$ cat input_20.cif   # mmCIF, C-alpha atoms
data_entry
#
loop_
_atom_site.label_atom_id
_atom_site.label_comp_id
_atom_site.auth_asym_id
_atom_site.auth_seq_id
_atom_site.Cartn_x
_atom_site.Cartn_y
_atom_site.Cartn_z
CA MET A 1 0.00 0.00 0.00
CA ALA A 2 2.85 2.38 0.87
CA ASP A 3 4.56 1.57 -2.45
CA LEU A 4 1.37 2.30 -4.37
CA LYS A 5 0.95 5.63 -2.55
CA LYS A 6 4.57 6.50 -3.36
CA LYS A 7 4.08 5.64 -7.04
CA ASN A 8 0.96 7.78 -7.20
CA SER A 9 2.83 10.64 -5.56
CA HIS A 10 5.63 10.35 -8.11
CA LEU A 11 3.11 10.27 -10.96
CA GLN A 12 1.39 13.40 -9.65
CA ASN A 13 4.73 15.18 -9.28
CA TYR A 14 5.84 14.09 -12.76
CA LEU A 15 2.63 15.54 -14.18
CA THR A 16 3.15 18.79 -12.30
CA ILE A 17 6.68 19.16 -13.73
CA ILE A 18 5.77 18.06 -17.25
CA LEU A 19 2.59 20.12 -17.57
CA SER A 20 4.22 23.20 -16.04
CA MET A 21 7.09 23.06 -18.52
CA LEU A 22 4.85 22.24 -21.48
CA GLY A 23 2.54 25.10 -20.51
CA VAL A 24 5.41 27.60 -20.57
CA TYR A 25 6.73 26.15 -23.84
CA PHE A 26 3.23 26.48 -25.33
CA VAL A 27 3.09 30.19 -24.44
CA ILE A 28 6.50 30.73 -26.09
CA SER A 29 5.41 28.82 -29.20
CA ALA A 30 2.11 30.73 -29.40
CA PHE A 31 3.89 34.08 -29.54
CA THR A 32 6.96 33.11 -31.60
CA GLY A 33 5.53 30.50 -33.97
CA ILE A 34 8.37 28.11 -33.06
CA TRP A 35 6.30 25.00 -32.40
CA PRO A 36 7.76 21.64 -31.33
CA LEU A 37 7.44 20.23 -34.85
CA SER A 38 8.53 23.40 -36.69
CA ILE A 39 11.41 23.01 -39.14
CA ASN A 40 14.75 23.99 -37.62
CA ASN A 41 17.05 25.73 -40.09
CA TYR A 42 19.98 25.64 -37.64
CA ASN A 43 20.26 21.86 -37.80
CA SER A 44 24.03 21.34 -37.93
CA TYR A 45 23.89 18.11 -35.93
CA SER A 46 21.33 16.50 -38.22
CA LEU A 47 23.31 17.53 -41.29
CA GLN A 48 26.44 16.01 -39.74
CA ALA A 49 24.62 12.81 -38.77
CA GLN A 50 23.29 12.48 -42.34
CA ARG A 51 26.80 12.81 -43.75
CA TRP A 52 28.09 10.21 -41.29
CA LEU A 53 25.43 7.81 -42.49
CA GLU A 54 26.60 8.49 -46.06
CA GLY A 55 30.21 7.70 -45.09
CA HIS A 56 31.63 11.24 -44.88
CA LEU A 57 33.03 13.28 -41.99
CA ASP A 58 32.71 16.69 -43.66
CA LEU A 59 29.45 18.40 -44.65
CA GLY A 60 30.24 18.39 -48.37
CA ARG A 61 29.36 22.05 -48.86
CA ASP A 62 29.04 25.37 -47.07
CA TYR A 63 25.83 26.47 -45.35
CA SER A 64 26.19 30.22 -45.01
CA HIS A 65 23.72 30.56 -42.12
CA LEU A 66 25.55 28.03 -39.92
CA GLU A 67 28.73 28.35 -37.83
CA LEU A 68 31.05 25.99 -39.68
CA ALA A 69 34.75 25.13 -39.53
CA PHE A 70 36.87 25.42 -42.67
CA PHE A 71 39.90 23.13 -42.74
CA ASN A 72 41.94 21.77 -45.69
CA ASP A 73 39.34 22.90 -48.23
CA LYS A 74 36.56 21.03 -46.43
CA VAL A 75 33.63 22.20 -44.32
CA TYR A 76 32.85 20.68 -40.92
CA VAL A 77 30.45 21.25 -38.03
CA SER A 78 32.38 23.39 -35.57
CA PHE A 79 30.76 22.10 -32.37
CA PRO A 80 31.53 19.09 -30.12
CA PRO A 81 30.14 15.95 -31.74
CA PHE A 82 28.00 14.12 -29.17
CA PRO A 83 24.58 15.53 -30.19
CA SER A 84 25.04 14.10 -33.69
CA PHE A 85 25.20 10.59 -32.20
CA VAL A 86 21.83 11.24 -30.54
CA MET A 87 20.42 12.54 -33.83
CA LEU A 88 21.40 9.44 -35.85
CA PRO A 89 18.16 7.46 -35.31
CA PHE A 90 16.07 10.59 -35.91
CA VAL A 91 17.92 11.27 -39.18
CA ILE A 92 17.23 7.69 -40.27
CA LEU A 93 13.52 8.31 -39.66
CA PHE A 94 13.12 11.94 -40.75
CA GLY A 95 16.16 12.79 -42.86
CA THR A 96 17.62 16.16 -41.93
CA ASN A 97 14.17 17.57 -41.04
CA THR A 98 14.42 16.19 -37.53
CA PRO A 99 11.98 17.52 -34.86
CA ASP A 100 14.80 19.34 -33.04
CA HIS A 101 12.58 21.66 -30.99
CA LEU A 102 10.51 18.74 -29.69
CA ILE A 103 13.63 16.69 -28.92
CA THR A 104 15.13 19.61 -27.00
CA MET A 105 11.99 20.17 -24.97
CA ILE A 106 11.72 16.48 -24.05
CA ILE A 107 15.39 16.36 -23.03
CA GLY A 108 14.87 19.44 -20.83
CA ILE A 109 11.84 17.86 -19.14
CA VAL A 110 13.89 14.73 -18.43
CA GLY A 111 16.51 16.96 -16.81
CA ALA A 112 13.87 18.54 -14.55
CA ILE A 113 12.58 15.12 -13.50
CA TYR A 114 16.11 14.05 -12.58
CA ILE A 115 16.52 17.23 -10.49
CA TYR A 116 13.34 16.19 -8.66
CA HIS A 117 14.77 12.73 -7.97
CA LEU A 118 18.14 14.16 -6.95
CA ALA A 119 16.38 16.30 -4.34
CA LEU A 120 14.44 13.27 -3.10
CA LEU A 121 17.74 11.41 -2.63
CA LYS A 122 18.66 14.03 -0.01
CA ASN A 123 15.29 13.58 1.73
CA ILE A 124 13.91 16.91 0.55
CA PRO A 125 10.07 16.87 0.71
CA ASP A 126 8.19 16.14 -2.51
CA ASN A 127 6.70 19.60 -2.94
CA LYS A 128 10.06 21.33 -2.47
CA SER A 129 11.73 18.85 -4.82
CA VAL A 130 9.20 19.72 -7.53
CA PHE A 131 9.73 23.41 -6.83
CA LEU A 132 13.52 23.07 -7.18
CA ALA A 133 13.08 21.21 -10.49
CA LEU A 134 10.98 24.06 -11.89
CA PHE A 135 13.04 26.84 -10.28
CA SER A 136 16.18 25.46 -11.95
CA THR A 137 14.59 25.17 -15.38
CA ILE A 138 11.65 27.36 -16.37
CA ALA A 139 12.46 30.03 -13.74
CA SER A 140 16.07 30.28 -14.91
CA ASN A 141 17.85 31.21 -18.13
CA PHE A 142 17.57 27.52 -19.04
CA LEU A 143 14.09 28.40 -20.31
CA PHE A 144 15.56 30.33 -23.25
CA VAL A 145 17.93 27.46 -24.03
CA GLY A 146 15.50 24.58 -23.54
CA ALA A 147 12.68 26.01 -25.66
CA ASN A 148 14.55 25.92 -28.98
CA GLY A 149 16.29 23.12 -30.89
CA SER A 150 18.81 25.22 -32.83
CA VAL A 151 22.35 23.84 -32.85
CA TRP A 152 23.62 25.91 -29.91
CA PHE A 153 20.64 25.21 -27.69
CA ILE A 154 20.05 21.51 -28.30
CA ALA A 155 23.68 20.83 -27.32
CA GLN A 156 23.39 22.95 -24.19
CA THR A 157 20.11 21.30 -23.19
CA MET A 158 21.64 17.86 -23.67
CA SER A 159 24.62 18.89 -21.56
CA PHE A 160 22.35 20.22 -18.81
CA THR A 161 20.32 17.01 -18.58
CA LEU A 162 23.34 14.71 -18.93
CA CYS A 163 25.09 16.58 -16.08
CA VAL A 164 22.04 16.31 -13.82
CA MET A 165 21.79 12.61 -14.60
CA SER A 166 25.51 12.16 -13.94
CA ILE A 167 25.19 13.89 -10.56
CA TYR A 168 22.15 11.76 -9.69
CA TYR A 169 23.84 8.44 -10.48
CA ALA A 170 27.02 9.53 -8.67
CA SER A 171 24.85 10.26 -5.61
CA THR A 172 22.91 6.99 -5.41
CA ALA A 173 24.02 4.12 -3.17
CA LYS A 174 24.48 1.63 -6.03
CA GLN A 175 28.11 1.03 -6.96
CA ALA A 176 27.14 0.03 -10.50
CA HIS A 177 25.87 3.57 -11.03
CA ALA A 178 29.40 4.96 -10.77
CA GLY A 179 30.19 3.87 -14.33
CA VAL A 180 26.86 5.24 -15.55
CA SER A 181 27.65 8.59 -13.94
CA LEU A 182 31.08 8.93 -15.54
CA ALA A 183 29.80 7.82 -18.96
CA LEU A 184 27.03 10.43 -18.78
CA TRP A 185 29.58 13.06 -17.76
CA ALA A 186 31.71 12.14 -20.80
CA CYS A 187 28.63 12.56 -23.00
CA ALA A 188 28.01 16.00 -21.45
CA VAL A 189 31.61 17.02 -22.19
CA GLY A 190 30.93 16.04 -25.80
CA CYS A 191 28.23 18.73 -25.82
CA ARG A 192 29.90 21.45 -23.73
CA PRO A 193 33.63 20.79 -23.16
CA PHE A 194 33.97 22.99 -20.06
CA GLN A 195 31.79 20.52 -18.16
CA ALA A 196 35.08 18.63 -17.76
CA VAL A 197 35.85 21.11 -14.94
CA TYR A 198 33.40 19.31 -12.66
CA ILE A 199 35.01 15.87 -12.68
CA PRO A 200 36.51 16.36 -9.16
CA ILE A 201 33.08 16.68 -7.54
CA LEU A 202 31.77 13.63 -9.39
CA LEU A 203 34.81 11.59 -8.39
CA TYR A 204 34.26 12.68 -4.78
CA LEU A 205 30.60 11.62 -4.83
CA ILE A 206 31.64 8.28 -6.29
CA TYR A 207 34.36 7.96 -3.63
CA LYS A 208 31.68 8.34 -0.95
CA LYS A 209 29.63 5.65 -2.69
CA PHE A 210 32.58 3.22 -2.71
CA LYS A 211 33.44 3.97 0.93
CA ASN A 212 29.86 3.51 2.08
CA ALA A 213 29.65 0.16 0.31
CA SER A 214 33.07 -1.02 1.59
CA PRO A 215 34.24 1.06 4.60
CA ASP A 216 37.52 -0.89 4.82
CA ILE A 217 38.41 -0.62 1.15
CA LYS A 218 42.15 -0.14 0.55
CA PHE A 219 43.77 2.32 -1.83
CA ALA A 220 44.48 -0.37 -4.46
CA GLY A 221 40.89 -1.55 -4.30
CA LEU A 222 39.65 1.99 -4.66
CA ILE A 223 41.78 2.56 -7.77
CA LYS A 224 40.46 -0.68 -9.24
CA GLN A 225 36.88 0.41 -8.63
CA TYR A 226 37.55 3.78 -10.27
CA ALA A 227 39.24 2.08 -13.23
CA LEU A 228 36.27 -0.21 -13.81
CA ALA A 229 33.81 2.68 -13.46
CA SER A 230 35.80 4.75 -15.98
CA ILE A 231 35.71 2.24 -18.86
CA GLY A 232 32.60 3.73 -20.48
CA ALA A 233 33.88 7.30 -20.16
CA ILE A 234 37.27 6.31 -21.59
CA VAL A 235 35.65 4.61 -24.59
CA ILE A 236 33.53 7.71 -25.24
CA ALA A 237 36.61 9.95 -24.95
CA LEU A 238 38.52 7.73 -27.41
CA VAL A 239 35.65 8.04 -29.90
CA TYR A 240 35.82 11.84 -29.62
CA MET A 241 39.61 11.86 -30.02
CA THR A 242 39.51 9.54 -33.03
CA LEU A 243 36.86 11.64 -34.69
CA ASN A 244 38.79 14.85 -33.96
CA TYR A 245 42.01 13.38 -35.34
CA MET A 246 40.35 12.09 -38.50
CA ARG A 247 38.87 15.53 -39.21
CA PHE A 248 41.49 17.99 -37.95
CA GLY A 249 44.63 15.96 -37.28
CA ASN A 250 44.43 16.83 -33.58
CA VAL A 251 42.77 14.70 -30.89
CA THR A 252 41.63 17.75 -28.90
CA GLU A 253 40.33 19.87 -31.79
CA PHE A 254 36.61 19.56 -32.56
CA GLY A 255 36.57 22.44 -35.03
CA HIS A 256 35.66 25.62 -33.17
CA ASN A 257 39.15 27.11 -33.57
CA TYR A 258 38.62 27.01 -37.35
CA LEU A 259 35.58 29.26 -37.29
CA PRO A 260 36.41 32.43 -39.31
CA GLU A 261 35.53 34.65 -36.33
CA PHE A 262 38.31 33.02 -34.32
CA THR A 263 40.91 32.48 -37.05
CA GLU A 264 40.66 36.21 -37.80
CA ALA A 265 40.69 37.31 -34.13
CA GLN A 266 43.90 38.93 -32.90
CA TYR A 267 43.94 36.90 -29.68
CA GLY A 268 42.24 33.76 -30.97
CA GLN A 269 39.30 31.96 -29.39
CA PHE A 270 40.58 31.96 -25.79
CA SER A 271 42.81 34.51 -24.11
CA SER A 272 43.29 36.15 -20.72
CA PHE A 273 42.98 39.39 -22.70
CA TYR A 274 39.20 38.88 -22.77
CA LEU A 275 38.89 38.20 -19.04
CA ALA A 276 38.27 41.67 -17.59
CA GLU A 277 35.67 42.74 -20.13
CA ASN A 278 33.77 39.46 -19.97
CA ILE A 279 33.69 39.47 -16.16
CA HIS A 280 32.03 42.88 -16.46
CA ARG A 281 29.53 41.39 -18.93
CA LEU A 282 28.85 38.58 -16.47
CA PHE A 283 27.50 41.09 -13.96
CA ARG A 284 26.29 44.01 -16.10
CA LEU A 285 22.75 45.18 -15.51
CA PRO A 286 20.33 46.27 -18.22
CA SER A 287 20.49 49.99 -18.97
CA LEU A 288 17.64 52.52 -19.13
CA THR A 289 16.41 53.65 -22.53
CA ASP A 290 15.20 57.20 -23.26
CA SER A 291 11.67 56.01 -22.53
CA LYS A 292 12.83 54.68 -19.13
CA ALA A 293 12.33 51.08 -20.18
CA LEU A 294 15.04 48.54 -19.41
CA ASN A 295 17.34 47.74 -22.32
CA PHE A 296 18.64 44.17 -22.14
CA PRO A 297 21.73 43.53 -24.28
CA ILE A 298 21.24 40.58 -26.64
CA PHE A 299 24.93 40.04 -27.35
CA ASP A 300 27.53 38.95 -24.78
CA GLY A 301 25.04 38.55 -21.99
CA VAL A 302 23.53 40.36 -19.04
CA ALA A 303 23.87 39.78 -15.27
CA PHE A 304 23.61 36.00 -14.93
CA TRP A 305 22.09 36.11 -11.42
CA LEU A 306 19.25 38.30 -12.68
CA VAL A 307 18.05 35.82 -15.31
CA SER A 308 18.96 32.75 -13.21
CA PRO A 309 17.96 33.60 -9.62
CA VAL A 310 18.78 30.03 -8.62
CA PHE A 311 22.32 31.39 -8.24
CA VAL A 312 21.01 33.98 -5.74
CA LEU A 313 19.22 31.26 -3.79
CA TYR A 314 22.43 29.23 -3.74
CA LEU A 315 24.45 32.16 -2.39
CA LEU A 316 21.78 32.80 0.24
CA MET A 317 21.72 29.14 1.36
CA PHE A 318 25.53 29.02 1.38
CA VAL A 319 25.68 31.98 3.77
CA ILE A 320 22.85 30.64 5.93
CA SER A 321 24.62 27.28 6.24
CA PHE A 322 27.22 28.91 8.50
CA PHE A 323 24.51 30.03 10.95
CA THR A 324 22.66 26.74 11.36
CA LYS A 325 23.44 23.65 13.40
CA ASP A 326 23.16 21.40 10.36
CA LYS A 327 26.24 19.38 9.54
CA HIS A 328 27.21 19.79 5.89
CA ASP A 329 29.70 17.85 3.85
CA LYS A 330 32.61 20.31 3.87
CA THR A 331 34.04 18.99 0.59
CA ILE A 332 30.79 19.62 -1.28
CA LEU A 333 30.27 22.89 0.60
CA PHE A 334 33.57 24.37 -0.63
CA LEU A 335 34.58 22.34 -3.71
CA THR A 336 31.38 22.98 -5.64
CA PRO A 337 31.55 26.81 -5.54
CA ALA A 338 35.29 26.66 -6.29
CA LEU A 339 34.61 24.65 -9.46
CA ILE A 340 31.73 26.92 -10.47
CA ILE A 341 34.00 29.99 -10.12
CA ILE A 342 36.74 28.28 -12.17
CA HIS A 343 34.14 27.42 -14.81
CA LEU A 344 32.86 31.01 -14.99
CA LEU A 345 36.40 32.37 -15.26
CA LEU A 346 37.15 29.99 -18.13
CA LEU A 347 33.98 31.13 -19.87
CA CYS A 348 35.16 34.72 -19.45
CA MET A 349 38.37 33.87 -21.30
CA HIS A 350 36.31 33.15 -24.41
CA ARG A 351 36.30 35.83 -27.11
CA THR A 352 32.58 36.43 -26.57
CA MET A 353 30.02 35.64 -23.89
CA GLY A 354 27.71 34.32 -26.56
CA GLY A 355 26.14 35.90 -29.62
CA TRP A 356 22.44 36.55 -30.14
CA GLN A 357 20.73 35.46 -26.93
CA TRP A 358 18.39 36.31 -24.12
CA GLY A 359 20.12 36.48 -20.76
CA ASN A 360 23.52 34.90 -20.26
CA ARG A 361 23.21 31.41 -21.64
CA TYR A 362 26.79 30.22 -21.10
CA THR A 363 26.22 30.34 -17.34
CA VAL A 364 23.32 27.88 -17.66
CA ASP A 365 26.00 25.16 -17.86
CA ALA A 366 26.77 25.68 -14.15
CA ILE A 367 23.16 25.27 -12.94
CA PRO A 368 23.26 21.44 -12.52
CA PHE A 369 26.10 21.89 -10.03
CA VAL A 370 24.31 24.76 -8.31
CA VAL A 371 21.45 22.29 -7.85
CA LEU A 372 23.88 19.72 -6.43
CA ALA A 373 25.05 22.27 -3.86
CA LEU A 374 21.49 23.33 -3.01
CA VAL A 375 20.26 19.83 -2.26
CA HIS A 376 23.18 19.41 0.14
CA LEU A 377 22.54 22.80 1.75
CA PHE A 378 18.83 22.23 2.31
CA PRO A 379 18.20 23.06 5.99
CA LYS A 380 17.26 20.08 8.12
CA GLN A 381 15.70 22.32 10.78
CA GLU A 382 13.27 25.22 10.59
CA LEU A 383 15.02 28.52 10.01
CA LYS A 384 14.33 31.52 12.22
CA ILE A 385 13.50 33.58 9.14
CA ASN A 386 10.72 32.59 6.75
CA LEU A 387 12.35 32.49 3.30
CA LYS A 388 9.30 31.26 1.40
CA PRO A 389 8.04 34.70 0.25
CA TYR A 390 11.52 35.69 -0.95
CA VAL A 391 12.12 32.41 -2.76
CA ALA A 392 8.66 32.64 -4.37
CA LEU A 393 9.49 36.18 -5.50
CA MET A 394 12.77 34.95 -7.03
CA PHE A 395 10.86 32.21 -8.82
CA PHE A 396 8.34 34.56 -10.41
CA ILE A 397 10.99 37.12 -11.34
CA GLY A 398 13.02 34.35 -13.02
CA LEU A 399 10.00 32.90 -14.80
CA GLY A 400 8.66 36.30 -15.86
CA LEU A 401 11.97 37.66 -17.13
CA ASN A 402 12.87 34.56 -19.10
CA LEU A 403 9.40 34.00 -20.52
CA VAL A 404 8.94 37.59 -21.66
CA GLY A 405 12.59 37.94 -22.73
CA THR A 406 12.57 34.74 -24.80
CA ILE A 407 9.38 35.79 -26.59
CA ALA A 408 10.60 39.35 -27.10
CA LEU A 409 13.90 38.21 -28.59
CA HIS A 410 12.37 35.74 -31.03
CA CYS A 411 9.70 38.26 -32.05
CA GLY A 412 12.29 40.97 -32.68
CA TRP A 413 10.97 43.30 -29.99
CA ILE A 414 14.44 43.77 -28.49
#
$ encode --input "input_20.cif" --output "structure tokens"
Amino acid sequence: MADLKKKNSHLQNYLTIILSMLGVYFVISAFTGIWPLSINNYNSYSLQAQRWLEGHLDLGRDYSHLELAFFNDKVYVSFPPFPSFVMLPFVILFGTNTPDHLITMIIGIVGAIYIYHLALLKNIPDNKSVFLALFSTIASNFLFVGANGSVWFIAQTMSFTLCVMSIYYASTAKQAHAGVSLALWACAVGCRPFQAVYIPILLYLIYKKFKNASPDIKFAGLIKQYALASIGAIVIALVYMTLNYMRFGNVTEFGHNYLPEFTEAQYGQFSSFYLAENIHRLFRLPSLTDSKALNFPIFDGVAFWLVSPVFVLYLLMFVISFFTKDKHDKTILFLTPALIIIHLLLLCMHRTMGGWQWGNRYTVDAIPFVVLALVHLFPKQELKINLKPYVALMFFIGLGLNLVGTIALHCGWI
């Protein structure tokens, strides 16, 4: 009877998450005309998958509207390759007119459901677990990313969900899930390479799993367990490296350095020269127009905490954690923010903080690890101050800004 009640509760919570996200996506589609089954013209991954099926690594010709790499008189997709592996069965079924927007939305919903389950793992109540799942997705800048299947966004949505899944499987008690976690992390890196920064926190979570299963495990045994768990990730990495070498003669080059905007840049794609200006862009607020309306920049980003208030909640809970009697895992407490800061600094060394966009989409990549920190910082005792009104306000600000901003951008209002 208890199991049936639990299943019904999960079903109700799944429906709440799914219908909430679909409802927001419907509003965006109604205003922008970008419906789940609309044709996606920015379908680099489907074009690449089609060429793979035909026995070619290059695209065969230039597509002027896409960001493509030019190398040795051939044209290649300039982004990390993993999403094209996902697109292979869809290309077999639909050709290059794959339902990219629908696929992206479904992947995003899966990510939200895994956030819900990750929160449950830490004994967070059902209603608050559902809230965290929605706060981290539709009330954050993820909404802009997850509502569109264009090449940049489908990869980022895949990375988001794969990272959440990786964190979840690293956090469960099952030792067999360690290999699943690392394989999923390797897939995420094949979408957004800077996700590699977070491997220390995943290895730590897996270490706790191994120690809990075998408290007396020796160093040699631990290394063996890690080696076995890493097989899938190593195989995936070897596939990437082989593909990179066959295309560009370099195991670490996936093509982005051969984009014209970077080959023609004085300081290349990455440089410390870009750091100061991009840090400013990371925190810059919208300016006032002559009509006193707020002007949100659509190139190089706006203050990331404004469009993703989940970062504000994280900072608040981090500070509060030092004033409660709860015992927190010190490694997660300090390692997670250190890795997030390193990640943001690396992003700021990129020539741009992203082209045409609403918000500050590069920083969305850090949200899965913000969620990891939040579920560990969840207070076990009642706080002296009632945070619910403030958290609710953050939620509606995040949802409102990203919903209106996404629609306004796609409709050409900003």
$ atom_distance --input "input_20.cif" --atom1 "CA of Leu37 (chain A)" --atom2 "CA of Pro99 (chain A)"
5.3 Å
$ atom_distance --input "input_20.cif" --atom1 "CA of Glu54 (chain A)" --atom2 "CA of Ala183 (chain A)"
27.3 Å
$ resolve_selection --input "input_20.cif" --expression "the PyMOL selection byres ((chain A and resi 370) around 9)" --output "VMD selection string"
chain A and resid 136 310 to 311 314 336 to 337 340 366 to 369 371 to 375
$ residues_around --input "input_20.cif" --residues "His177 (chain A)" --least-positions-apart "3" --cutoff "10 Å" --atoms "only C-alpha atoms" --output "list in words"
Ser166, Tyr168, Tyr169, Ala170, Ser171, Thr172, Ala173, Lys174, Val180, Ser181, Leu182, Ala183, Ile206, Lys209 and Ala229 of chain A
$ write_last_selection --input "input_20.cif" --atoms "C-alpha atoms" --output "tab-separated table (two decimals), keeping the file's coordinate frame"
chain	number	residue	atom	x	y	z
A	166	SER	CA	25.51	12.16	-13.94
A	168	TYR	CA	22.15	11.76	-9.69
A	169	TYR	CA	23.84	8.44	-10.48
A	170	ALA	CA	27.02	9.53	-8.67
A	171	SER	CA	24.85	10.26	-5.61
A	172	THR	CA	22.91	6.99	-5.41
A	173	ALA	CA	24.02	4.12	-3.17
A	174	LYS	CA	24.48	1.63	-6.03
A	180	VAL	CA	26.86	5.24	-15.55
A	181	SER	CA	27.65	8.59	-13.94
A	182	LEU	CA	31.08	8.93	-15.54
A	183	ALA	CA	29.80	7.82	-18.96
A	206	ILE	CA	31.64	8.28	-6.29
A	209	LYS	CA	29.63	5.65	-2.69
A	229	ALA	CA	33.81	2.68	-13.46
$ atom_distance --input "input_20.cif" --atom1 "CA of Ile234 (chain A)" --atom2 "CA of Lys211 (chain A)"
23.0 Å
$ residues_around --input "input_20.cif" --residues "region 12-26 of chain A" --least-positions-apart "3" --cutoff "8 Å" --atoms "only C-alpha atoms" --output "CSV table (one decimal) with C-alpha atoms, in the coordinates of the input"
chain,number,residue,atom,x,y,z
A,8,ASN,CA,1.0,7.8,-7.2
A,9,SER,CA,2.8,10.6,-5.6
A,29,SER,CA,5.4,28.8,-29.2
A,30,ALA,CA,2.1,30.7,-29.4
A,35,TRP,CA,6.3,25.0,-32.4
A,109,ILE,CA,11.8,17.9,-19.1
A,112,ALA,CA,13.9,18.5,-14.6
A,113,ILE,CA,12.6,15.1,-13.5
A,126,ASP,CA,8.2,16.1,-2.5
A,127,ASN,CA,6.7,19.6,-2.9
A,130,VAL,CA,9.2,19.7,-7.5
A,133,ALA,CA,13.1,21.2,-10.5
A,134,LEU,CA,11.0,24.1,-11.9
A,138,ILE,CA,11.6,27.4,-16.4
A,147,ALA,CA,12.7,26.0,-25.7
A,403,LEU,CA,9.4,34.0,-20.5
